[in-house]
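J.: Provided herewith: structure22.cif, mmCIF, C-alpha atoms.
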data_work
loop_
_atom_site.label_atom_id
_atom_site.label_comp_id
_atom_site.auth_asym_id
_atom_site.auth_seq_id
_atom_site.Cartn_x
_atom_site.Cartn_y
_atom_site.Cartn_z
CA MET A 1 111.76 -31.00 23.16
CA ASP A 2 114.30 -33.27 24.82
CA LYS A 3 114.26 -36.85 23.60
CA LYS A 4 113.61 -39.52 26.18
CA ALA A 5 113.50 -43.29 26.42
CA ARG A 6 110.55 -44.88 28.18
CA LEU A 7 111.00 -47.78 30.55
CA GLU A 8 107.98 -49.78 31.67
CA VAL A 9 108.27 -51.86 34.84
CA GLU A 10 105.35 -53.65 36.49
CA GLY A 11 102.77 -51.36 34.96
CA LYS A 12 104.63 -48.11 35.66
CA SER A 13 106.38 -45.94 33.07
CA TYR A 14 109.57 -43.97 33.59
CA ASP A 15 111.13 -41.42 31.24
CA LEU A 16 114.91 -41.59 30.92
CA PRO A 17 116.87 -38.77 29.23
CA ILE A 18 118.76 -39.55 26.02
CA ILE A 19 122.21 -37.94 25.95
CA ALA A 20 123.76 -37.16 22.55
CA GLY A 21 127.47 -36.70 21.88
CA THR A 22 129.00 -34.30 19.36
CA GLU A 23 129.76 -37.15 16.91
CA GLY A 24 126.23 -38.55 17.05
CA GLU A 25 126.67 -41.17 19.76
CA ARG A 26 123.60 -41.54 21.96
CA GLY A 27 123.11 -43.02 25.38
CA ILE A 28 120.32 -43.43 27.91
CA ASP A 29 121.02 -41.59 31.17
CA ILE A 30 120.19 -44.01 34.02
CA GLY A 31 121.75 -41.90 36.77
CA ASN A 32 118.44 -41.68 38.66
CA LEU A 33 117.17 -45.15 37.78
CA ARG A 34 117.61 -46.79 41.18
CA GLY A 35 116.19 -43.82 43.04
CA GLU A 36 113.06 -43.76 40.88
CA THR A 37 112.48 -47.48 40.31
CA GLY A 38 114.51 -49.37 42.90
CA LEU A 39 116.24 -51.16 40.01
CA VAL A 40 119.82 -51.23 38.76
CA THR A 41 121.10 -52.33 35.36
CA LEU A 42 123.22 -55.45 34.91
CA ASP A 43 125.91 -55.18 32.24
CA PRO A 44 128.83 -57.58 32.83
CA ALA A 45 132.17 -56.15 31.64
CA TYR A 46 130.36 -52.83 30.93
CA LYS A 47 129.91 -53.74 27.27
CA ASN A 48 126.99 -51.36 26.86
CA THR A 49 127.52 -48.93 29.73
CA GLY A 50 128.99 -45.45 29.46
CA SER A 51 130.72 -44.48 32.70
CA CYS A 52 131.30 -40.82 31.84
CA THR A 53 131.16 -38.10 29.25
CA SER A 54 134.53 -37.16 27.79
CA SER A 55 135.93 -34.70 25.27
CA ILE A 56 139.26 -36.49 24.79
CA THR A 57 138.88 -39.37 22.31
CA PHE A 58 136.22 -40.50 19.86
CA ILE A 59 136.09 -44.00 18.35
CA ASP A 60 133.69 -45.29 15.71
CA GLY A 61 134.41 -48.99 15.70
CA GLU A 62 132.08 -49.69 12.78
CA GLN A 63 133.87 -47.26 10.48
CA GLY A 64 137.39 -47.70 11.87
CA VAL A 65 137.70 -44.11 13.11
CA LEU A 66 139.94 -42.88 15.94
CA GLN A 67 140.16 -39.16 16.75
CA HIS A 68 141.87 -37.29 19.58
CA ARG A 69 140.16 -33.97 20.37
CA GLY A 70 138.73 -34.13 16.83
CA TYR A 71 141.99 -34.89 15.01
CA PRO A 72 142.21 -38.18 13.05
CA ILE A 73 144.93 -40.51 14.34
CA GLU A 74 146.37 -40.89 10.82
CA GLN A 75 147.03 -37.13 10.60
CA LEU A 76 148.51 -36.97 14.09
CA ALA A 77 150.86 -39.87 13.37
CA GLU A 78 152.00 -38.19 10.15
CA LYS A 79 152.20 -34.53 11.16
CA ALA A 80 152.77 -34.36 14.93
CA THR A 81 155.29 -35.61 17.47
CA PHE A 82 154.42 -37.68 20.51
CA LEU A 83 154.93 -34.70 22.83
CA GLU A 84 152.60 -32.61 20.67
CA VAL A 85 149.93 -35.31 20.90
CA ALA A 86 150.50 -35.59 24.66
CA TYR A 87 150.03 -31.81 24.93
CA LEU A 88 146.84 -32.09 22.86
CA LEU A 89 145.37 -34.80 25.06
CA ILE A 90 146.22 -33.07 28.32
CA ASN A 91 145.46 -29.46 27.31
CA GLY A 92 142.75 -29.83 24.66
CA GLU A 93 144.51 -28.17 21.71
CA LEU A 94 147.59 -28.80 19.62
CA PRO A 95 150.43 -26.53 20.74
CA ASN A 96 151.91 -23.76 18.66
CA ARG A 97 155.68 -23.53 18.31
CA GLY A 98 156.14 -21.42 21.42
CA GLN A 99 153.94 -23.64 23.56
CA ILE A 100 155.63 -26.89 22.58
CA GLU A 101 159.09 -25.41 23.07
CA GLU A 102 158.14 -24.19 26.53
CA TRP A 103 156.56 -27.51 27.50
CA SER A 104 159.43 -29.56 26.05
CA THR A 105 161.82 -27.52 28.16
CA GLU A 106 159.68 -28.24 31.23
CA ILE A 107 159.71 -31.95 30.44
CA ARG A 108 163.49 -31.98 29.96
CA TYR A 109 163.90 -30.28 33.33
CA HIS A 110 162.24 -33.27 35.05
CA THR A 111 163.82 -36.22 33.22
CA MET A 112 166.30 -37.13 35.98
CA LEU A 113 165.40 -39.49 38.79
CA HIS A 114 166.29 -38.80 42.41
CA GLU A 115 169.32 -40.95 43.29
CA ASP A 116 167.28 -42.67 46.02
CA VAL A 117 164.68 -43.64 43.40
CA LYS A 118 167.40 -45.20 41.27
CA ARG A 119 168.50 -47.30 44.22
CA LEU A 120 165.04 -48.88 44.30
CA PHE A 121 165.84 -50.82 41.13
CA GLY A 122 168.54 -52.76 42.96
CA ALA A 123 165.90 -54.24 45.26
CA PHE A 124 164.24 -56.07 42.35
CA PRO A 125 165.40 -59.42 40.93
CA LYS A 126 167.18 -59.18 37.59
CA ASP A 127 164.31 -60.99 35.89
CA ALA A 128 161.56 -58.86 37.46
CA HIS A 129 158.88 -57.98 34.94
CA PRO A 130 159.29 -54.35 33.79
CA MET A 131 155.58 -53.67 34.39
CA ALA A 132 155.90 -54.69 38.04
CA VAL A 133 159.02 -52.55 38.40
CA SER A 134 157.44 -49.56 36.67
CA SER A 135 154.26 -49.74 38.73
CA ALA A 136 156.21 -49.93 41.98
CA VAL A 137 158.58 -47.08 41.10
CA ILE A 138 155.74 -44.84 39.91
CA ALA A 139 153.90 -45.40 43.19
CA ALA A 140 157.10 -44.68 45.10
CA LEU A 141 157.52 -41.32 43.31
CA SER A 142 154.62 -40.00 45.36
CA THR A 143 156.84 -40.17 48.46
CA PHE A 144 159.42 -37.89 46.82
CA TYR A 145 156.97 -35.11 45.89
CA PRO A 146 154.58 -34.78 48.87
CA GLU A 147 154.07 -31.10 48.11
CA ASP A 148 152.33 -31.87 44.78
CA LEU A 149 149.86 -34.65 45.56
CA ASP A 150 146.54 -32.81 45.90
CA PRO A 151 144.43 -33.88 42.89
CA LEU A 152 142.13 -30.89 43.33
CA ASP A 153 144.94 -28.33 43.13
CA GLU A 154 145.52 -27.61 39.43
CA ARG A 155 149.12 -26.46 39.88
CA GLN A 156 150.03 -29.59 41.85
CA ALA A 157 148.22 -31.85 39.39
CA ARG A 158 150.06 -30.31 36.44
CA ALA A 159 153.40 -30.59 38.23
CA SER A 160 152.78 -34.30 38.84
CA ALA A 161 151.73 -34.77 35.20
CA ASP A 162 154.91 -33.10 33.90
CA ARG A 163 157.07 -35.24 36.18
CA LEU A 164 155.40 -38.45 35.03
CA ILE A 165 155.70 -37.64 31.32
CA ALA A 166 159.36 -36.70 31.84
CA LYS A 167 160.47 -39.52 34.11
CA PHE A 168 158.65 -42.50 32.64
CA PRO A 169 161.19 -43.09 29.82
CA THR A 170 163.99 -42.87 32.40
CA ILE A 171 162.20 -45.43 34.59
CA VAL A 172 161.68 -47.81 31.66
CA ALA A 173 165.32 -47.46 30.60
CA CYS A 174 166.56 -48.08 34.15
CA ALA A 175 164.37 -51.18 34.48
CA TYR A 176 165.90 -52.55 31.28
CA LYS A 177 169.46 -51.68 32.28
CA HIS A 178 168.97 -53.38 35.64
CA SER A 179 167.73 -56.55 33.91
CA VAL A 180 170.85 -56.81 31.74
CA GLY A 181 173.34 -55.70 34.39
CA GLN A 182 174.44 -52.50 32.68
CA PRO A 183 174.97 -49.09 34.32
CA PHE A 184 172.21 -46.51 34.25
CA LEU A 185 172.74 -43.52 31.98
CA TYR A 186 171.70 -40.03 32.93
CA PRO A 187 169.34 -38.28 30.49
CA ASP A 188 170.90 -36.11 27.79
CA ASN A 189 168.55 -33.19 27.47
CA LYS A 190 169.97 -32.09 24.14
CA LEU A 191 168.07 -35.00 22.64
CA SER A 192 164.39 -35.31 21.81
CA TYR A 193 162.00 -37.30 23.99
CA VAL A 194 162.35 -40.53 22.01
CA GLU A 195 166.05 -40.08 21.24
CA ASN A 196 166.75 -39.63 24.94
CA PHE A 197 164.88 -42.83 25.77
CA LEU A 198 166.69 -44.87 23.13
CA ARG A 199 170.07 -43.62 24.32
CA MET A 200 169.29 -44.36 27.99
CA ALA A 201 168.00 -47.83 27.12
CA PHE A 202 170.58 -48.97 24.56
CA GLY A 203 173.60 -46.72 25.02
CA THR A 204 176.60 -47.36 27.25
CA PRO A 205 179.13 -45.03 28.95
CA CYS A 206 181.85 -46.55 26.75
CA GLU A 207 180.97 -44.91 23.47
CA GLU A 208 178.79 -42.38 21.74
CA PHE A 209 175.29 -43.56 20.90
CA GLU A 210 173.87 -42.41 17.59
CA VAL A 211 170.09 -42.48 17.25
CA ASP A 212 168.84 -43.42 13.80
CA PRO A 213 166.09 -40.93 12.80
CA VAL A 214 164.04 -43.65 11.06
CA ILE A 215 163.98 -45.73 14.22
CA ALA A 216 163.25 -42.70 16.40
CA GLN A 217 160.34 -41.73 14.15
CA ALA A 218 158.91 -45.25 14.25
CA ILE A 219 159.03 -45.33 18.06
CA ASP A 220 157.51 -41.84 18.17
CA GLN A 221 154.66 -43.03 15.94
CA LEU A 222 154.14 -46.12 18.08
CA LEU A 223 153.80 -43.93 21.16
CA ILE A 224 151.30 -41.70 19.33
CA LEU A 225 149.24 -44.69 18.20
CA HIS A 226 148.99 -45.92 21.80
CA ALA A 227 148.46 -42.48 23.38
CA ASP A 228 144.76 -42.91 24.21
CA HIS A 229 141.93 -45.23 23.32
CA GLU A 230 138.86 -44.04 25.18
CA GLN A 231 137.43 -46.08 28.10
CA ASN A 232 139.54 -49.23 27.90
CA CYS A 233 140.37 -51.30 30.98
CA SER A 234 143.43 -49.34 32.12
CA THR A 235 141.89 -45.92 31.42
CA SER A 236 138.73 -46.88 33.26
CA THR A 237 141.00 -47.99 36.09
CA VAL A 238 142.54 -44.51 36.20
CA ARG A 239 139.08 -42.96 36.43
CA LEU A 240 137.74 -45.38 39.03
CA VAL A 241 140.85 -45.25 41.23
CA GLY A 242 141.20 -41.51 40.64
CA SER A 243 137.64 -40.90 41.79
CA SER A 244 138.78 -41.76 45.33
CA HIS A 245 141.01 -38.63 45.13
CA VAL A 246 144.21 -40.64 45.18
CA ASN A 247 147.21 -38.73 43.82
CA LEU A 248 148.18 -39.06 40.15
CA PHE A 249 151.13 -41.37 40.88
CA GLY A 250 148.84 -43.84 42.65
CA ALA A 251 146.28 -43.78 39.84
CA ILE A 252 148.92 -44.34 37.14
CA SER A 253 150.51 -47.17 39.13
CA ALA A 254 147.11 -48.89 39.18
CA ALA A 255 146.66 -48.32 35.43
CA ILE A 256 150.02 -49.95 34.69
CA ASN A 257 148.90 -53.07 36.54
CA ALA A 258 145.63 -53.12 34.58
CA LEU A 259 147.53 -52.80 31.29
CA TRP A 260 149.87 -55.62 32.27
CA GLY A 261 147.21 -58.30 31.71
CA SER A 262 147.42 -60.54 28.65
CA ARG A 263 143.93 -59.45 27.57
CA HIS A 264 144.99 -55.81 27.43
CA GLY A 265 148.55 -54.59 26.91
CA GLY A 266 150.07 -58.03 26.61
CA ALA A 267 148.49 -58.66 23.22
CA ASN A 268 151.51 -57.58 21.14
CA GLN A 269 153.64 -60.09 23.04
CA ALA A 270 151.13 -62.81 22.14
CA VAL A 271 151.43 -61.86 18.45
CA ILE A 272 155.21 -62.26 18.47
CA GLU A 273 154.92 -65.60 20.26
CA MET A 274 152.44 -66.76 17.60
CA LEU A 275 154.73 -65.69 14.75
CA GLU A 276 157.70 -67.39 16.43
CA THR A 277 155.69 -70.61 16.78
CA ILE A 278 154.77 -70.57 13.09
CA ASP A 279 158.41 -69.95 12.15
CA ALA A 280 159.84 -72.57 14.53
CA GLU A 281 157.41 -75.28 13.35
CA GLY A 282 158.06 -74.51 9.70
CA LEU A 283 154.40 -73.82 9.01
CA THR A 284 153.08 -71.71 6.16
CA ALA A 285 150.74 -68.87 6.96
CA GLN A 286 147.93 -70.79 5.27
CA GLN A 287 148.55 -73.86 7.42
CA PHE A 288 148.33 -71.79 10.59
CA VAL A 289 145.16 -70.05 9.39
CA ASP A 290 143.63 -73.47 8.77
CA ARG A 291 144.58 -74.47 12.31
CA ALA A 292 142.99 -71.32 13.73
CA LYS A 293 139.73 -72.15 11.93
CA ASP A 294 139.67 -75.73 13.22
CA ARG A 295 137.40 -75.97 16.26
CA ASP A 296 139.38 -78.94 17.54
CA ASP A 297 142.67 -77.04 17.43
CA THR A 298 143.73 -74.60 20.17
CA SER A 299 145.68 -72.34 17.79
CA ARG A 300 144.44 -68.75 17.69
CA LEU A 301 145.16 -65.98 15.22
CA MET A 302 146.49 -63.27 17.54
CA GLY A 303 146.43 -59.57 16.64
CA PHE A 304 143.11 -59.81 14.78
CA GLY A 305 139.84 -58.42 16.05
CA HIS A 306 139.17 -55.80 18.69
CA ARG A 307 136.61 -55.19 21.40
CA VAL A 308 135.65 -51.87 19.79
CA TYR A 309 136.62 -52.05 16.12
CA ARG A 310 134.49 -53.95 13.64
CA ASN A 311 136.62 -52.62 10.80
CA TYR A 312 140.35 -52.27 10.09
CA ASP A 313 142.05 -50.69 13.10
CA PRO A 314 143.23 -47.30 11.74
CA ARG A 315 146.38 -47.55 13.85
CA ALA A 316 147.37 -50.83 12.17
CA ARG A 317 147.65 -49.18 8.74
CA VAL A 318 150.16 -46.65 10.07
CA ILE A 319 152.26 -49.12 12.03
CA LYS A 320 152.44 -51.62 9.16
CA GLN A 321 154.29 -49.02 7.08
CA ALA A 322 156.52 -48.08 10.02
CA ALA A 323 157.49 -51.73 10.52
CA GLY A 324 158.61 -51.98 6.91
CA ASN A 325 160.62 -48.76 7.19
CA VAL A 326 162.44 -49.91 10.33
CA LEU A 327 163.36 -53.31 8.89
CA ASP A 328 164.54 -51.72 5.64
CA LYS A 329 166.69 -49.25 7.57
CA LEU A 330 168.20 -51.96 9.74
CA GLY A 331 168.77 -54.20 6.73
CA VAL A 332 166.90 -56.94 8.51
CA THR A 333 165.17 -59.74 6.64
CA SER A 334 162.46 -60.78 9.03
CA ASN A 335 160.70 -64.09 8.65
CA LEU A 336 158.27 -62.87 11.28
CA LEU A 337 157.29 -59.81 9.22
CA GLU A 338 156.93 -61.92 6.10
CA ILE A 339 154.68 -64.34 7.99
CA ALA A 340 152.68 -61.44 9.42
CA VAL A 341 152.12 -59.89 5.99
CA GLU A 342 151.00 -63.23 4.54
CA LEU A 343 148.70 -63.91 7.50
CA GLU A 344 147.08 -60.52 6.99
CA ARG A 345 146.62 -61.11 3.24
CA ILE A 346 145.00 -64.51 3.78
CA ALA A 347 142.77 -63.42 6.65
CA LEU A 348 141.47 -60.36 4.80
CA GLN A 349 140.31 -62.62 1.96
CA ASP A 350 139.03 -65.52 4.04
CA ASP A 351 135.26 -65.63 4.54
CA TYR A 352 135.73 -67.12 8.02
CA PHE A 353 137.52 -64.01 9.28
CA VAL A 354 135.77 -61.45 7.07
CA SER A 355 132.31 -62.62 8.16
CA ARG A 356 133.40 -62.26 11.80
CA ARG A 357 134.89 -58.85 11.04
CA LEU A 358 138.29 -59.86 12.38
CA PHE A 359 140.74 -57.30 11.04
CA PRO A 360 144.35 -56.60 12.08
CA ASN A 361 144.74 -54.39 15.14
CA VAL A 362 147.63 -52.21 16.30
CA ASP A 363 149.25 -55.09 18.19
CA PHE A 364 149.70 -57.12 15.02
CA TYR A 365 152.72 -55.15 13.77
CA SER A 366 154.00 -53.23 16.81
CA GLY A 367 155.76 -56.26 18.27
CA VAL A 368 157.65 -56.78 15.00
CA ILE A 369 159.20 -53.31 15.39
CA TYR A 370 160.08 -53.83 19.03
CA ARG A 371 161.64 -57.19 18.23
CA ALA A 372 163.72 -55.75 15.38
CA LEU A 373 165.09 -53.08 17.74
CA GLY A 374 166.17 -55.69 20.25
CA ILE A 375 163.61 -54.75 22.88
CA PRO A 376 162.91 -57.83 25.05
CA VAL A 377 159.48 -59.37 24.66
CA ASN A 378 158.58 -58.74 28.30
CA SER A 379 159.25 -55.03 27.73
CA PHE A 380 156.69 -54.67 24.92
CA THR A 381 153.91 -53.83 27.36
CA VAL A 382 155.91 -51.21 29.21
CA MET A 383 156.48 -49.48 25.86
CA PHE A 384 152.71 -49.53 25.44
CA ALA A 385 152.41 -47.92 28.88
CA MET A 386 154.84 -45.16 27.93
CA GLY A 387 152.62 -44.28 24.98
CA ARG A 388 149.35 -44.54 26.92
CA LEU A 389 150.60 -42.33 29.79
CA PRO A 390 149.33 -38.96 28.45
CA GLY A 391 145.90 -40.45 27.80
CA TRP A 392 145.71 -41.73 31.36
CA ILE A 393 146.76 -38.32 32.67
CA ALA A 394 144.21 -36.53 30.48
CA HIS A 395 141.38 -38.71 31.79
CA TRP A 396 142.52 -38.27 35.39
CA LEU A 397 142.51 -34.49 34.95
CA GLU A 398 139.13 -34.53 33.20
CA LEU A 399 137.65 -36.67 35.96
CA HIS A 400 138.49 -34.03 38.57
CA GLN A 401 137.43 -31.15 36.33
CA GLN A 402 134.02 -32.81 36.05
CA GLY A 403 133.77 -33.28 39.81
CA GLN A 404 132.76 -36.92 39.45
CA ALA A 405 131.64 -38.73 42.59
CA ILE A 406 133.62 -41.71 43.82
CA GLY A 407 133.03 -44.73 41.59
CA ARG A 408 130.90 -47.43 43.17
CA PRO A 409 129.34 -49.97 40.77
CA ARG A 410 126.25 -51.88 41.86
CA GLN A 411 125.71 -55.64 41.66
CA ILE A 412 122.97 -58.25 41.62
CA TYR A 413 123.53 -60.58 44.57
CA ILE A 414 123.09 -64.30 43.72
CA GLY A 415 124.47 -65.92 46.89
CA PRO A 416 122.70 -67.70 49.76
CA THR A 417 119.75 -66.00 51.44
CA LYS A 418 119.85 -65.07 55.12
CA ARG A 419 120.84 -67.90 57.45
CA ASP A 420 121.96 -68.26 61.06
CA VAL A 421 125.46 -69.07 62.26
CA ALA A 422 125.60 -72.46 63.99
CA PRO A 423 128.11 -73.21 66.76
CA ILE A 424 131.32 -74.68 65.39
CA ASP A 425 130.62 -78.20 66.71
CA GLN A 426 127.27 -78.23 64.85
CA ARG A 427 128.57 -77.27 61.40
#
How would this structure read if it were set down as structure tokens?

T.:
Amino acid sequence: MDKKARLEVEGKSYDLPIIAGTEGERGIDIGNLRGETGLVTLDPAYKNTGSCTSSITFIDGEQGVLQHRGYPIEQLAEKATFLEVAYLLINGELPNRGQIEEWSTEIRYHTMLHEDVKRLFGAFPKDAHPMAVSSAVIAALSTFYPEDLDPLDERQARASADRLIAKFPTIVACAYKHSVGQPFLYPDNKLSYVENFLRMAFGTPCEEFEVDPVIAQAIDQLLILHADHEQNCSTSTVRLVGSSHVNLFGAISAAINALWGSRHGGANQAVIEMLETIDAEGLTAQQFVDRAKDRDDTSRLMGFGHRVYRNYDPRARVIKQAAGNVLDKLGVTSNLLEIAVELERIALQDDYFVSRRLFPNVDFYSGVIYRALGIPVNSFTVMFAMGRLPGWIAHWLELHQQGQAIGRPRQIYIGPTKRDVAPIDQR
């Protein structure tokens, strides 16, 4: 017998189906609620509302679990490449050797940008934010591939997905090169996905650019750790915008803008700014923690806590090790990393933070790596977007496979009641 929840309203009872997920999550299906009762639910910020069913990513925030298609994030970060994880998210299974070689070849085939696309960068100011540039260029790509814009045609959708995965690193590199006044580099398709990006971003035509494998692996892991995170703000944006049947380029452009916000993808920038403030003011980690606990002080401990996790973010464990590896390889002594490690040690033992279940999240250490590599602070979020891209694509594809209706949330109106319009001289 199917389990149901019973809702009683004004003396009447209504049975609502209970939907169970494969990992034990349960939700009450209210799809017919308004039709049966005339009522809607009110859930600001959708804190308790599931907008869809999905087979892509599972998170257990209480236990600190993150799985993509059933695979733990720790295993994927250790044993797979970013392109393998992207393939998993988009296609549902990890690729075998033949499949990843074929797909990698397809990606390499699409890494170049049309010369007219490259000229778009010159229209932006040198100090234009890379997220604004990336969003605009991604949207503009739709005008260059009009033959592949139908979201309901699987071949066209896959062609658009391949182009986006392939071209996004080139777009990010071009945005950076434009900001520093250096010439764009064409992709070198002998290199791996991450190696190619690093060369295009930091190489010059004057000399050979050698990619350090430790640095390449750290960036690859960072991209994996950001690849998908269930129904966050930007992913929900992809689904809501995508439900209008806009093409993939338009949906991803919208997602980039959602990620840009300081409450979402901008968090790793806020962590670096916090660490720099501590360093510049000559504070100890303990002094800053004391400030953060003081209700009369505006200081905040950035990079701790998460909307979903009430345990240690599993991604943070992986990236903490990667940060140490990168700094060791570069021979860099980082005051910021030392401060970060001490902040983490203190916070994990402090009853104030432990009782509030404020644990380090992935943003806490990722900015340290980006900073050590010389990536500008305003480019941190666009690196996040590069990693999140396959997750966005996977959700966009799943949305259309499920045949979801166009998204249209309800509201509870709290404005003035009906009134008449007075002539302008009587107002």

J.: Pick the closest to A:Thr204 from A:Gln349, A:Ser192, A:Ser253, A:Gln182: which is it, counting only C-alpha atoms?

T.: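 Counting only C-alpha atoms, the residue closest to A:Thr204 is A:Gln182.
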
J.: Tell me which protein, DNA and RNA residues are within 12 Å of A:Pro213, counting only C-alpha atoms, leaving out same-chain ones fewer than 3 positions away, and put them as a PDB file with C-alpha atoms, in the coordinates of the input.

T.:
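Written out: result.pdb:
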ATOM      1  CA  LEU A 191     168.070 -35.000  22.640  1.00  0.00           C
ATOM      2  CA  SER A 192     164.390 -35.310  21.810  1.00  0.00           C
ATOM      3  CA  VAL A 194     162.350 -40.530  22.010  1.00  0.00           C
ATOM      4  CA  GLU A 195     166.050 -40.080  21.240  1.00  0.00           C
ATOM      5  CA  LEU A 198     166.690 -44.870  23.130  1.00  0.00           C
ATOM      6  CA  GLU A 210     173.870 -42.410  17.590  1.00  0.00           C
ATOM      7  CA  ALA A 216     163.250 -42.700  16.400  1.00  0.00           C
ATOM      8  CA  GLN A 217     160.340 -41.730  14.150  1.00  0.00           C
ATOM      9  CA  ALA A 218     158.910 -45.250  14.250  1.00  0.00           C
ATOM     10  CA  ILE A 219     159.030 -45.330  18.060  1.00  0.00           C
ATOM     11  CA  ASP A 220     157.510 -41.840  18.170  1.00  0.00           C
ATOM     12  CA  ASN A 325     160.620 -48.760   7.190  1.00  0.00           C
ATOM     13  CA  VAL A 326     162.440 -49.910  10.330  1.00  0.00           C
ATOM     14  CA  LYS A 329     166.690 -49.250   7.570  1.00  0.00           C
ATOM     15  CA  LEU A 330     168.200 -51.960   9.740  1.00  0.00           C
TER      16      LEU A 330
END

J.: Of the candidates A:Glu398, A:Asp188, A:Asp328, A:Glu25, which one gets nearest to A:Met112 if we count only C-alpha atoms?

T.: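 Distance minimum relative to A:Met112 lands on A:Asp188.
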
J.: Hey, what comes out of the PyMOL selection byres ((chain A and resi 400) around 9) on this file? Could you write it as a list in words?

T.: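 After applying the PyMOL selection byres ((chain A and resi 400) around 9), what remains is Pro151, Leu152, Gly242, Ser243, His245, His395, Trp396, Leu397, Glu398, Leu399, Gln401, Gln402, Gly403 and Gln404 of chain A.
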
J.: Store the residues of this selection in a file with C-alpha atoms, as a PDB file, in the coordinates of the input.

T.:
ATOM      1  CA  PRO A 151     144.430 -33.880  42.890  1.00  0.00           C
ATOM      2  CA  LEU A 152     142.130 -30.890  43.330  1.00  0.00           C
ATOM      3  CA  GLY A 242     141.200 -41.510  40.640  1.00  0.00           C
ATOM      4  CA  SER A 243     137.640 -40.900  41.790  1.00  0.00           C
ATOM      5  CA  HIS A 245     141.010 -38.630  45.130  1.00  0.00           C
ATOM      6  CA  HIS A 395     141.380 -38.710  31.790  1.00  0.00           C
ATOM      7  CA  TRP A 396     142.520 -38.270  35.390  1.00  0.00           C
ATOM      8  CA  LEU A 397     142.510 -34.490  34.950  1.00  0.00           C
ATOM      9  CA  GLU A 398     139.130 -34.530  33.200  1.00  0.00           C
ATOM     10  CA  LEU A 399     137.650 -36.670  35.960  1.00  0.00           C
ATOM     11  CA  GLN A 401     137.430 -31.150  36.330  1.00  0.00           C
ATOM     12  CA  GLN A 402     134.020 -32.810  36.050  1.00  0.00           C
ATOM     13  CA  GLY A 403     133.770 -33.280  39.810  1.00  0.00           C
ATOM     14  CA  GLN A 404     132.760 -36.920  39.450  1.00  0.00           C
TER      15      GLN A 404
END

J.: What do you get, as a PyMOL selection string, if you spell out every residue that the PyMOL selection byres ((chain A and resi 374) around 12) selects here?

T.: chain A and resi 176+198+201-202+215+327+330+332+367-373+375-380

J.: Rounded to one decimal in Å, what is the spacing between atom CA of A:Val271 and atom CA of A:Met302?

T.: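 Atom-to-atom, atom CA of A:Val271 to atom CA of A:Met302, that is 5.2 Å.
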
J.: Excluding same-chain residues fewer than 4 positions from stretch 145-150 of chain A, what lies within 10 Å of it counting only C-alpha atoms, as a list in words?

T.: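 Answer for this query is Ala140, Leu141, Glu154, Arg155, Gln156, Ala157, Arg158, Ala159, Ser160, Arg163, His245, Val246, Asn247, Leu248, Phe249 and Gly250 of chain A.
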
J.: Keeping only C-alpha atoms, write the selected residues as an mmCIF file, in the frame of the given file.

T.:
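Wrote it out as again39.cif, contents follow:
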data_model
loop_
_atom_site.group_PDB
_atom_site.id
_atom_site.type_symbol
_atom_site.label_atom_id
_atom_site.label_comp_id
_atom_site.auth_asym_id
_atom_site.auth_seq_id
_atom_site.Cartn_x
_atom_site.Cartn_y
_atom_site.Cartn_z
ATOM 1 C CA ALA A 140 157.100 -44.680 45.100
ATOM 2 C CA LEU A 141 157.520 -41.320 43.310
ATOM 3 C CA GLU A 154 145.520 -27.610 39.430
ATOM 4 C CA ARG A 155 149.120 -26.460 39.880
ATOM 5 C CA GLN A 156 150.030 -29.590 41.850
ATOM 6 C CA ALA A 157 148.220 -31.850 39.390
ATOM 7 C CA ARG A 158 150.060 -30.310 36.440
ATOM 8 C CA ALA A 159 153.400 -30.590 38.230
ATOM 9 C CA SER A 160 152.780 -34.300 38.840
ATOM 10 C CA ARG A 163 157.070 -35.240 36.180
ATOM 11 C CA HIS A 245 141.010 -38.630 45.130
ATOM 12 C CA VAL A 246 144.210 -40.640 45.180
ATOM 13 C CA ASN A 247 147.210 -38.730 43.820
ATOM 14 C CA LEU A 248 148.180 -39.060 40.150
ATOM 15 C CA PHE A 249 151.130 -41.370 40.880
ATOM 16 C CA GLY A 250 148.840 -43.840 42.650
#

J.: Please give the centre and size of the box around stretch 241-251 of chain A (axis-aligned, containing every atom listed in the file, 8 Å added per side), with values in Å to one decimal and written as lines of an AutoDock Vina configuration file.

T.:
center_x = 144.4
center_y = -41.9
center_z = 42.6
size_x = 29.5
size_y = 22.6
size_z = 21.5

J.: Within 10 Å of (161.7, -46.4, 33.0) (file coordinates; all atoms listed in the file), which protein or nucleic acid residues are there? I'd like them as an MDAnalysis selection string.

T.: chainID A and resid 113 130:131 133:135 137:138 167:177 197 200:201 382:383 386

J.: With the file shown as input, list the residues that the PyMOL selection byres ((chain A and resi 272) around 10) selects, as an MDAnalysis selection string.

T.: chainID A and resid 267:271 273:278 302:303 336:337 340 363:368 370:371 377

J.: Select from stretch 330-371 of chain A every residue with an atom at most 8 Å from any atom of stretch 281-297 of chain A, then for each give the shortest pair of atoms and their distance in Å to one decimal, using all atoms listed in the file, rows by chain and rising number, as CSV.

T.:
residue,atom,partner,partner_atom,distance
A:Ile339,CA,A:Ala285,CA,6.1
A:Glu342,CA,A:Ala285,CA,6.1
A:Leu343,CA,A:Ala285,CA,5.4
A:Ile346,CA,A:Gln286,CA,7.1
A:Ala347,CA,A:Val289,CA,7.6
A:Tyr352,CA,A:Lys293,CA,7.5

J.: At what distance in Å, to one decimal, does atom CA of A:Gln411 lie from atom CA of A:Thr41?

T.: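 We find that atom CA of A:Thr41 and atom CA of A:Gln411 lie 8.5 Å from each other.
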